[in-house]
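One structure is given here, and the rest of the page talks about it.
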Amino acid sequence: MPAAERDAARADTYLNPVHARDFPDPYVLKFAGEYFAYCTGFWRDGRAFGVMRSRDLVGWEELAGALEPLPGGHPCYWAPEVYYREGKFLMYYSVGNETLMHVRVAVAERPDGPFVDSGRRLTREEFAIDPHAFTDADGSRYLFYATDFLTHTHVGTGTVVDRLIDDFTPEGRPRPVTRARYDWQVYDPARREKGGVRWHTVEGPFVLARKGRYYEMFSGGNWQNVSYGVSYATSDRVLRDDEWGQHADGEKVLPVLRTIPGKVIGPGHNSVVRGGDNFQLFCVYHRWAEGGRVLAIDRMEFVGDALAVLGPSTTPQPAPGGPWLSDYFEEPRAEGLGGEWECLSGRWSVGDGEARQAATAGMAEARCEAGARGFVAEVYARALGEEAGGSFGLCLAWGASRRARMRIVPGAGRAVVDLWGGGAWAEADARSLPEAFARGAFHLLRAEADGDFLRFTLDDLIAFGLSVGASSGGGDAATPRLSLLADDCAAAFKGFTLARGFADDFDEEGASRARGWTFERAAAEPRGEVEGAFTGRRLRLPPLVAAGRETDAVAAGAHEMIVSLKVEVDEAGAGRSELWAITPGAALPSGEALNFCLRGVGEGGYALSVNGSGGADERLLALPRGFDPFAFQQFRFRRESGRLRVTCGAEVIGEVDAPASGARVGVAAGGVAAVSVDQVRVTAVKRG
């Protein structure tokens, strides 16, 4: 696509590569609503490691290189990854001469550097590359990296994990995580540099956690081979005596991201980051082109216990959604915060990318309207000055009588959640802050609200989930207002974003019920139970039972619904019956809600019946060949400009007219077997 066409389409779509210059082994950090990308090698200015910045994952600005090369003339600077901790940015990387490589860490005050090497070597092996630092939910930290296994059954490079005592000190007990075991992971059948041995490669670890499972993504094989790509391994714990279980054998089960001959060569070495809408995950990776290893992104999803990358894409894709509200506090403002903010108390000002509240006594509050009952808001906050007292945080208010807030109280070493009742605040929950908590450093505050459900999170580690029931006083069912707070404390806030929608993994029964899910009969005489059940971290719907809920995320018009589900049992005749139905929050001109019913068609095929008419004029959307309703499948319903596009996995299966929004979304089981639902996500689509 010519550059002019790419720029014109960027508001609505993107086309890979999103940056067509050499940018190998990309890692992307999201900080204060912006993205910073880092890559292998020497940068255009001669410094080590390229750096770029973006606000949408599509348009990238090149910055100065990250690190002044170390003494010694090392030719190889590989695979940097940057993490933010307590006011410092830590860059883990590998350096050496390709034969001898080790892992180091450099430190910076800003995400774009400059970084200064810490003087510490973190690994002992002769060859150690591709470091990845993972922090578990309990705060434990681990260093994953790749190293050689010369006596393993499949000789070559594999990945290991070691516990981190602190940012600069591994425990020194690395244990294998994923070593080669399949032919698709062969790098060279007779590698001369290694004495002619059949050499395998598993490298580039990146770790995520979901529903009690850990996923290590990795790249395997040789980029020049058609079998090369990205796969993953899973485990129920980080440290174990045996290796993690690998997903792909390269024959029956293929890597989740792989070469497409003639179209995409060598997609690999990925990282994962959350998009601007605070919901959608993106896999960031490189692929080979004339410009070298160029930068690409594609949506990533969990589908049941599986991990899926919707790529490598070669056609225009919907652009990453942006936040509905955002404020980077860049331009100085004459008075207060301006824009969406109402300053209720305190002394507020804007400058140098921060909103500051200077008063050190009394309550200071700046408020904005969320505009929806379901949203996720993020902001970074820090205390100003040396005073030990006071607190800062976030507050949500549904009218005058229903309020909740999270306060960071550094002097007491606690994070506290308070609820308003009887004309006063009362503490509802509290957690201890980490020992290394720095009050003067920016910390990520996150508020997720959906119906009566509320979750506050601090630094992705300390989480408070609670149900905030509507007050009998009336008026509290309105959309909430969100406030930045400082109490007897000068404070600064940075990078505010708010996205409308909700994401329910059915991980907690109480949270799902608080979100407003209700159950009803889908027919006059349902078989068995008449309510859904939250079991095994999923929602189970018995035959002929429907689950639904209201959401105002669809009211904006353009919205997206994602559903992951499966039919539990392949009973006799189930494949020919109506198995389930999805209501994606869109309506026909008559106002009738659109529904999509799964049913068997032809010889072993399946299709979605639009509104289940069943007559000669029935509209059917054919599903891909080999579709299996008894394994978890993911469907995406995206409504824009009066049309609803339906996608199964990465394949668009059709579009239908949807000129109106419906206020309700839902899932129903058919009359033959129960249905398990792993995830429902609904987001308002906002551009720019």
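Identifiers for the structure tokens are assigned positionally: chains receive A, B, ... in sequence, residues are indexed from 1 per chain, and ligands are indexed from 1 in the order shown.
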Excluding same-chain residues fewer than 6 positions from range 51-65 of chain A, what lies within 7 Å of it counting only C-alpha atoms, as a PyMOL selection string?
-> chain A and resi 14+18-19+33-39+43+45+112+276+320+322
Counting only C-alpha atoms, what is within 10 Å of Glu301 in chain A, bar same-chain residues fewer than 5 positions away, as a count of residues only?
-> 13
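Distances from A:Leu239, A:Lys494, A:Pro434, A:Ser512 to Leu454 in chain A were compared using only C-alpha atoms, and the smallest one belongs to A:Ser512.
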Could you pull out the strand (DSSP E or B) residues of range 55-235 of chain A from DSSP and send them as a ChimeraX atom specification?
-> /A:61-62,67,76-85,88-96,101-108,115-121,127-135,141-149,156-166,169-170,175-178,186-191,197-210,213-220,229-235
Can you list, as number ranges by chain, all residues belonging to range 161-293 of chain A that DSSP tags as helix (DSSP H, G or I)?
-> A: 183-185, 192-194
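The two atoms in question, CA of Ala137 in chain A and CA of Leu461 in chain A, are spaced 5.7 Å apart.
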Skipping near chain neighbours, those fewer than 3 positions away, what residues fall within 8 Å of range 588-601 of chain A using only C-alpha atoms, listed as a PDB file with N, CA, C and O atoms, in the first residue's frame?
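Done, and the output landed in around.pdb:
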```
ATOM      1  N   GLY A 575     -24.638 -32.392  16.816  1.00  0.00           N
ATOM      2  CA  GLY A 575     -24.066 -31.640  15.717  1.00  0.00           C
ATOM      3  C   GLY A 575     -25.076 -31.160  14.696  1.00  0.00           C
ATOM      4  O   GLY A 575     -24.783 -30.287  13.888  1.00  0.00           O
ATOM      5  N   ARG A 576     -26.270 -31.709  14.701  1.00  0.00           N
ATOM      6  CA  ARG A 576     -27.290 -31.292  13.737  1.00  0.00           C
ATOM      7  C   ARG A 576     -28.318 -30.363  14.371  1.00  0.00           C
ATOM      8  O   ARG A 576     -29.267 -29.957  13.713  1.00  0.00           O
ATOM      9  N   SER A 577     -28.154 -30.061  15.648  1.00  0.00           N
ATOM     10  CA  SER A 577     -29.147 -29.271  16.368  1.00  0.00           C
ATOM     11  C   SER A 577     -28.696 -27.823  16.496  1.00  0.00           C
ATOM     12  O   SER A 577     -27.563 -27.464  16.163  1.00  0.00           O
ATOM     13  N   GLU A 578     -29.591 -27.008  17.018  1.00  0.00           N
ATOM     14  CA  GLU A 578     -29.225 -25.637  17.375  1.00  0.00           C
ATOM     15  C   GLU A 578     -28.491 -25.706  18.709  1.00  0.00           C
ATOM     16  O   GLU A 578     -29.068 -26.094  19.725  1.00  0.00           O
ATOM     17  N   LEU A 579     -27.210 -25.353  18.712  1.00  0.00           N
ATOM     18  CA  LEU A 579     -26.345 -25.624  19.862  1.00  0.00           C
ATOM     19  C   LEU A 579     -26.259 -24.456  20.832  1.00  0.00           C
ATOM     20  O   LEU A 579     -26.179 -24.661  22.040  1.00  0.00           O
ATOM     21  N   TRP A 580     -26.202 -23.235  20.315  1.00  0.00           N
ATOM     22  CA  TRP A 580     -26.173 -22.061  21.176  1.00  0.00           C
ATOM     23  C   TRP A 580     -26.566 -20.843  20.376  1.00  0.00           C
ATOM     24  O   TRP A 580     -26.655 -20.878  19.145  1.00  0.00           O
ATOM     25  N   ALA A 581     -26.802 -19.737  21.088  1.00  0.00           N
ATOM     26  CA  ALA A 581     -27.122 -18.464  20.442  1.00  0.00           C
ATOM     27  C   ALA A 581     -26.390 -17.344  21.157  1.00  0.00           C
ATOM     28  O   ALA A 581     -26.202 -17.386  22.375  1.00  0.00           O
ATOM     29  N   ILE A 582     -25.970 -16.333  20.397  1.00  0.00           N
ATOM     30  CA  ILE A 582     -25.293 -15.154  20.946  1.00  0.00           C
ATOM     31  C   ILE A 582     -26.065 -13.911  20.528  1.00  0.00           C
ATOM     32  O   ILE A 582     -26.440 -13.760  19.356  1.00  0.00           O
ATOM     33  N   THR A 583     -26.293 -13.021  21.479  1.00  0.00           N
ATOM     34  CA  THR A 583     -26.910 -11.719  21.222  1.00  0.00           C
ATOM     35  C   THR A 583     -25.829 -10.658  21.395  1.00  0.00           C
ATOM     36  O   THR A 583     -25.390 -10.400  22.522  1.00  0.00           O
ATOM     37  N   PRO A 584     -25.345 -10.044  20.314  1.00  0.00           N
ATOM     38  CA  PRO A 584     -24.161  -9.175  20.413  1.00  0.00           C
ATOM     39  C   PRO A 584     -24.441  -7.687  20.581  1.00  0.00           C
ATOM     40  O   PRO A 584     -23.565  -6.866  20.317  1.00  0.00           O
ATOM     41  N   GLY A 585     -25.642  -7.298  20.992  1.00  0.00           N
ATOM     42  CA  GLY A 585     -25.892  -5.881  21.264  1.00  0.00           C
ATOM     43  C   GLY A 585     -26.115  -5.044  20.033  1.00  0.00           C
ATOM     44  O   GLY A 585     -25.778  -3.856  20.014  1.00  0.00           O
ATOM     45  N   GLY A 604     -21.542 -32.564   8.023  1.00  0.00           N
ATOM     46  CA  GLY A 604     -20.546 -32.266   9.040  1.00  0.00           C
ATOM     47  C   GLY A 604     -20.147 -30.819   9.143  1.00  0.00           C
ATOM     48  O   GLY A 604     -19.180 -30.493   9.846  1.00  0.00           O
ATOM     49  N   GLY A 605     -20.838 -29.911   8.452  1.00  0.00           N
ATOM     50  CA  GLY A 605     -20.490 -28.499   8.529  1.00  0.00           C
ATOM     51  C   GLY A 605     -21.322 -27.769   9.561  1.00  0.00           C
ATOM     52  O   GLY A 605     -22.294 -28.289  10.123  1.00  0.00           O
ATOM     53  N   TYR A 606     -20.928 -26.514   9.818  1.00  0.00           N
ATOM     54  CA  TYR A 606     -21.637 -25.676  10.779  1.00  0.00           C
ATOM     55  C   TYR A 606     -21.766 -24.266  10.217  1.00  0.00           C
ATOM     56  O   TYR A 606     -20.947 -23.821   9.401  1.00  0.00           O
ATOM     57  N   ALA A 607     -22.797 -23.578  10.671  1.00  0.00           N
ATOM     58  CA  ALA A 607     -23.032 -22.206  10.235  1.00  0.00           C
ATOM     59  C   ALA A 607     -23.736 -21.447  11.345  1.00  0.00           C
ATOM     60  O   ALA A 607     -24.328 -22.035  12.261  1.00  0.00           O
ATOM     61  N   LEU A 608     -23.663 -20.119  11.258  1.00  0.00           N
ATOM     62  CA  LEU A 608     -24.439 -19.258  12.139  1.00  0.00           C
ATOM     63  C   LEU A 608     -25.707 -18.846  11.407  1.00  0.00           C
ATOM     64  O   LEU A 608     -25.655 -18.311  10.300  1.00  0.00           O
ATOM     65  N   SER A 609     -26.830 -19.104  12.035  1.00  0.00           N
ATOM     66  CA  SER A 609     -28.116 -18.688  11.503  1.00  0.00           C
ATOM     67  C   SER A 609     -28.457 -17.327  12.082  1.00  0.00           C
ATOM     68  O   SER A 609     -28.505 -17.153  13.299  1.00  0.00           O
ATOM     69  N   VAL A 610     -28.682 -16.343  11.208  1.00  0.00           N
ATOM     70  CA  VAL A 610     -28.967 -14.982  11.652  1.00  0.00           C
ATOM     71  C   VAL A 610     -30.431 -14.899  12.064  1.00  0.00           C
ATOM     72  O   VAL A 610     -31.337 -15.087  11.255  1.00  0.00           O
ATOM     73  N   ASN A 611     -30.664 -14.682  13.318  1.00  0.00           N
ATOM     74  CA  ASN A 611     -31.991 -14.608  13.931  1.00  0.00           C
ATOM     75  C   ASN A 611     -32.802 -15.899  13.783  1.00  0.00           C
ATOM     76  O   ASN A 611     -34.010 -15.895  13.972  1.00  0.00           O
ATOM     77  N   GLY A 612     -32.130 -16.993  13.481  1.00  0.00           N
ATOM     78  CA  GLY A 612     -32.733 -18.315  13.564  1.00  0.00           C
ATOM     79  C   GLY A 612     -34.067 -18.470  12.881  1.00  0.00           C
ATOM     80  O   GLY A 612     -34.983 -19.080  13.436  1.00  0.00           O
ATOM     81  N   ASP A 657     -26.575  -6.232   8.117  1.00  0.00           N
ATOM     82  CA  ASP A 657     -27.032  -4.896   8.484  1.00  0.00           C
ATOM     83  C   ASP A 657     -27.368  -4.857   9.961  1.00  0.00           C
ATOM     84  O   ASP A 657     -28.030  -5.757  10.489  1.00  0.00           O
ATOM     85  N   ALA A 658     -26.912  -3.802  10.637  1.00  0.00           N
ATOM     86  CA  ALA A 658     -27.217  -3.608  12.054  1.00  0.00           C
ATOM     87  C   ALA A 658     -27.325  -2.112  12.305  1.00  0.00           C
ATOM     88  O   ALA A 658     -26.433  -1.495  12.904  1.00  0.00           O
ATOM     89  N   PRO A 659     -28.411  -1.487  11.826  1.00  0.00           N
ATOM     90  CA  PRO A 659     -28.517  -0.026  11.904  1.00  0.00           C
ATOM     91  C   PRO A 659     -28.744   0.522  13.298  1.00  0.00           C
ATOM     92  O   PRO A 659     -28.606   1.716  13.515  1.00  0.00           O
ATOM     93  N   ALA A 660     -29.119  -0.331  14.259  1.00  0.00           N
ATOM     94  CA  ALA A 660     -29.432   0.164  15.603  1.00  0.00           C
ATOM     95  C   ALA A 660     -28.659  -0.624  16.646  1.00  0.00           C
ATOM     96  O   ALA A 660     -28.246  -1.765  16.427  1.00  0.00           O
ATOM     97  N   GLY A 662     -28.535  -2.397  20.437  1.00  0.00           N
ATOM     98  CA  GLY A 662     -29.374  -3.022  21.447  1.00  0.00           C
ATOM     99  C   GLY A 662     -28.701  -2.862  22.788  1.00  0.00           C
ATOM    100  O   GLY A 662     -27.475  -2.847  22.881  1.00  0.00           O
TER     101      GLY A 662
END
```
Fewer than 3 positions away in the same chain doesn't count, so skip those; otherwise give me all residues within 10 Å of Thr135 in chain A, counting only C-alpha atoms, as number ranges by chain.
-> A: 138-143, 164, 207-209, 460-461
Residues from the last selection, all heavy atoms, saved as a PDB file, in the first residue's frame:
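Heads up, here's the output in selection.pdb:
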```pdb
ATOM      1  N   ASP A 138       1.832 -12.456  43.324  1.00  0.00           N
ATOM      2  CA  ASP A 138       2.230 -12.286  44.718  1.00  0.00           C
ATOM      3  C   ASP A 138       3.468 -11.416  44.876  1.00  0.00           C
ATOM      4  O   ASP A 138       3.988 -11.257  45.991  1.00  0.00           O
ATOM      5  CB  ASP A 138       2.460 -13.641  45.383  1.00  0.00           C
ATOM      6  CG  ASP A 138       3.618 -14.424  44.755  1.00  0.00           C
ATOM      7  OD1 ASP A 138       4.240 -13.928  43.786  1.00  0.00           O
ATOM      8  OD2 ASP A 138       3.891 -15.545  45.222  1.00  0.00           O
ATOM      9  N   GLY A 139       3.946 -10.835  43.787  1.00  0.00           N
ATOM     10  CA  GLY A 139       5.121  -9.970  43.826  1.00  0.00           C
ATOM     11  C   GLY A 139       6.434 -10.687  43.598  1.00  0.00           C
ATOM     12  O   GLY A 139       7.476 -10.032  43.453  1.00  0.00           O
ATOM     13  N   SER A 140       6.433 -12.021  43.545  1.00  0.00           N
ATOM     14  CA  SER A 140       7.665 -12.763  43.274  1.00  0.00           C
ATOM     15  C   SER A 140       8.135 -12.453  41.859  1.00  0.00           C
ATOM     16  O   SER A 140       7.333 -12.354  40.929  1.00  0.00           O
ATOM     17  CB  SER A 140       7.424 -14.270  43.409  1.00  0.00           C
ATOM     18  OG  SER A 140       6.993 -14.597  44.705  1.00  0.00           O
ATOM     19  N   ARG A 141       9.453 -12.347  41.689  1.00  0.00           N
ATOM     20  CA  ARG A 141      10.000 -11.977  40.388  1.00  0.00           C
ATOM     21  C   ARG A 141      10.928 -13.071  39.878  1.00  0.00           C
ATOM     22  O   ARG A 141      11.634 -13.726  40.648  1.00  0.00           O
ATOM     23  CB  ARG A 141      10.738 -10.638  40.474  1.00  0.00           C
ATOM     24  CG  ARG A 141       9.850  -9.507  40.987  1.00  0.00           C
ATOM     25  CD  ARG A 141      10.535  -8.157  40.847  1.00  0.00           C
ATOM     26  NE  ARG A 141      10.698  -7.804  39.452  1.00  0.00           N
ATOM     27  CZ  ARG A 141      11.848  -7.447  38.895  1.00  0.00           C
ATOM     28  NH1 ARG A 141      12.944  -7.403  39.620  1.00  0.00           N
ATOM     29  NH2 ARG A 141      11.917  -7.128  37.619  1.00  0.00           N
ATOM     30  N   TYR A 142      10.918 -13.252  38.568  1.00  0.00           N
ATOM     31  CA  TYR A 142      11.673 -14.328  37.940  1.00  0.00           C
ATOM     32  C   TYR A 142      12.351 -13.810  36.673  1.00  0.00           C
ATOM     33  O   TYR A 142      11.823 -12.931  35.990  1.00  0.00           O
ATOM     34  CB  TYR A 142      10.746 -15.492  37.567  1.00  0.00           C
ATOM     35  CG  TYR A 142       9.978 -16.042  38.740  1.00  0.00           C
ATOM     36  CD1 TYR A 142       8.713 -15.532  39.062  1.00  0.00           C
ATOM     37  CD2 TYR A 142      10.508 -17.051  39.543  1.00  0.00           C
ATOM     38  CE1 TYR A 142       8.003 -16.028  40.142  1.00  0.00           C
ATOM     39  CE2 TYR A 142       9.801 -17.546  40.623  1.00  0.00           C
ATOM     40  CZ  TYR A 142       8.550 -17.029  40.924  1.00  0.00           C
ATOM     41  OH  TYR A 142       7.851 -17.512  42.004  1.00  0.00           O
ATOM     42  N   LEU A 143      13.508 -14.372  36.373  1.00  0.00           N
ATOM     43  CA  LEU A 143      14.227 -14.053  35.141  1.00  0.00           C
ATOM     44  C   LEU A 143      14.206 -15.276  34.234  1.00  0.00           C
ATOM     45  O   LEU A 143      14.757 -16.328  34.573  1.00  0.00           O
ATOM     46  CB  LEU A 143      15.670 -13.655  35.445  1.00  0.00           C
ATOM     47  CG  LEU A 143      16.504 -13.268  34.219  1.00  0.00           C
ATOM     48  CD1 LEU A 143      15.991 -11.963  33.608  1.00  0.00           C
ATOM     49  CD2 LEU A 143      17.991 -13.141  34.582  1.00  0.00           C
ATOM     50  N   LEU A 164      14.475 -14.090  40.916  1.00  0.00           N
ATOM     51  CA  LEU A 164      15.218 -12.849  41.136  1.00  0.00           C
ATOM     52  C   LEU A 164      15.125 -12.454  42.610  1.00  0.00           C
ATOM     53  O   LEU A 164      14.025 -12.276  43.146  1.00  0.00           O
ATOM     54  CB  LEU A 164      14.653 -11.729  40.268  1.00  0.00           C
ATOM     55  CG  LEU A 164      15.094 -11.689  38.798  1.00  0.00           C
ATOM     56  CD1 LEU A 164      14.287 -10.648  38.030  1.00  0.00           C
ATOM     57  CD2 LEU A 164      16.589 -11.390  38.687  1.00  0.00           C
ATOM     58  N   VAL A 207       6.293 -14.239  29.098  1.00  0.00           N
ATOM     59  CA  VAL A 207       5.410 -14.976  29.999  1.00  0.00           C
ATOM     60  C   VAL A 207       4.185 -14.153  30.366  1.00  0.00           C
ATOM     61  O   VAL A 207       4.282 -12.950  30.660  1.00  0.00           O
ATOM     62  CB  VAL A 207       6.171 -15.401  31.275  1.00  0.00           C
ATOM     63  CG1 VAL A 207       5.246 -16.141  32.241  1.00  0.00           C
ATOM     64  CG2 VAL A 207       7.367 -16.279  30.909  1.00  0.00           C
ATOM     65  N   LEU A 208       3.014 -14.809  30.349  1.00  0.00           N
ATOM     66  CA  LEU A 208       1.758 -14.218  30.796  1.00  0.00           C
ATOM     67  C   LEU A 208       1.090 -15.188  31.766  1.00  0.00           C
ATOM     68  O   LEU A 208       1.390 -16.382  31.774  1.00  0.00           O
ATOM     69  CB  LEU A 208       0.813 -13.956  29.621  1.00  0.00           C
ATOM     70  CG  LEU A 208       1.344 -13.093  28.483  1.00  0.00           C
ATOM     71  CD1 LEU A 208       1.576 -13.970  27.257  1.00  0.00           C
ATOM     72  CD2 LEU A 208       0.383 -11.982  28.152  1.00  0.00           C
ATOM     73  N   ALA A 209       0.148 -14.663  32.560  1.00  0.00           N
ATOM     74  CA  ALA A 209      -0.609 -15.491  33.485  1.00  0.00           C
ATOM     75  C   ALA A 209      -2.093 -15.209  33.323  1.00  0.00           C
ATOM     76  O   ALA A 209      -2.504 -14.061  33.113  1.00  0.00           O
ATOM     77  CB  ALA A 209      -0.184 -15.217  34.928  1.00  0.00           C
ATOM     78  N   ASP A 460      -0.487  -3.182  39.248  1.00  0.00           N
ATOM     79  CA  ASP A 460      -0.778  -4.521  38.735  1.00  0.00           C
ATOM     80  C   ASP A 460      -0.464  -5.616  39.749  1.00  0.00           C
ATOM     81  O   ASP A 460      -0.359  -6.798  39.385  1.00  0.00           O
ATOM     82  CB  ASP A 460      -0.010  -4.804  37.434  1.00  0.00           C
ATOM     83  CG  ASP A 460      -0.594  -4.063  36.250  1.00  0.00           C
ATOM     84  OD1 ASP A 460      -1.801  -3.800  36.258  1.00  0.00           O
ATOM     85  OD2 ASP A 460       0.174  -3.738  35.323  1.00  0.00           O
ATOM     86  N   LEU A 461      -0.341  -5.257  41.031  1.00  0.00           N
ATOM     87  CA  LEU A 461       0.007  -6.230  42.063  1.00  0.00           C
ATOM     88  C   LEU A 461      -1.042  -6.299  43.165  1.00  0.00           C
ATOM     89  O   LEU A 461      -1.503  -7.377  43.533  1.00  0.00           O
ATOM     90  CB  LEU A 461       1.375  -5.907  42.673  1.00  0.00           C
ATOM     91  CG  LEU A 461       2.599  -6.168  41.787  1.00  0.00           C
ATOM     92  CD1 LEU A 461       3.863  -5.726  42.492  1.00  0.00           C
ATOM     93  CD2 LEU A 461       2.685  -7.646  41.436  1.00  0.00           C
TER      94      LEU A 461
END
```
Contacts of Leu295 in chain A at 7 Å or less, counting only C-alpha atoms, minus same-chain residues fewer than 2 places along, as a ChimeraX atom specification?
-> /A:17-20,23,285-287,293
Name all residues at most 9 Å from Ala397 in chain A (count only C-alpha atoms; drop same-chain ones fewer than 2 positions away) and give them as number ranges by chain.
-> A: 395, 399-405, 476, 479-483
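Using only C-alpha atoms, the protein and nucleic acid residues lying no more than 12 Å from Thr315 in chain A, apart from those fewer than 5 places from it along its own chain, are Met1, Arg6, Thr13, Tyr14, Leu15, Asn16, Pro17, Lys263, Val264, Asp298, Leu310, Ala650, Glu651 and Val652 of chain A.
Take CA of Ala388 in chain A and CA of Arg455 in chain A: the distance between them is 27.0 Å.
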What gap, in Å, lies between CA of Pro189 in chain A and CA of Val284 in chain A?
-> 29.1 Å
Counting only C-alpha atoms, the residue among A:Tyr145, A:Arg213, A:Pro332, A:Gly195 that lies closest to Gly304 in chain A is A:Arg213
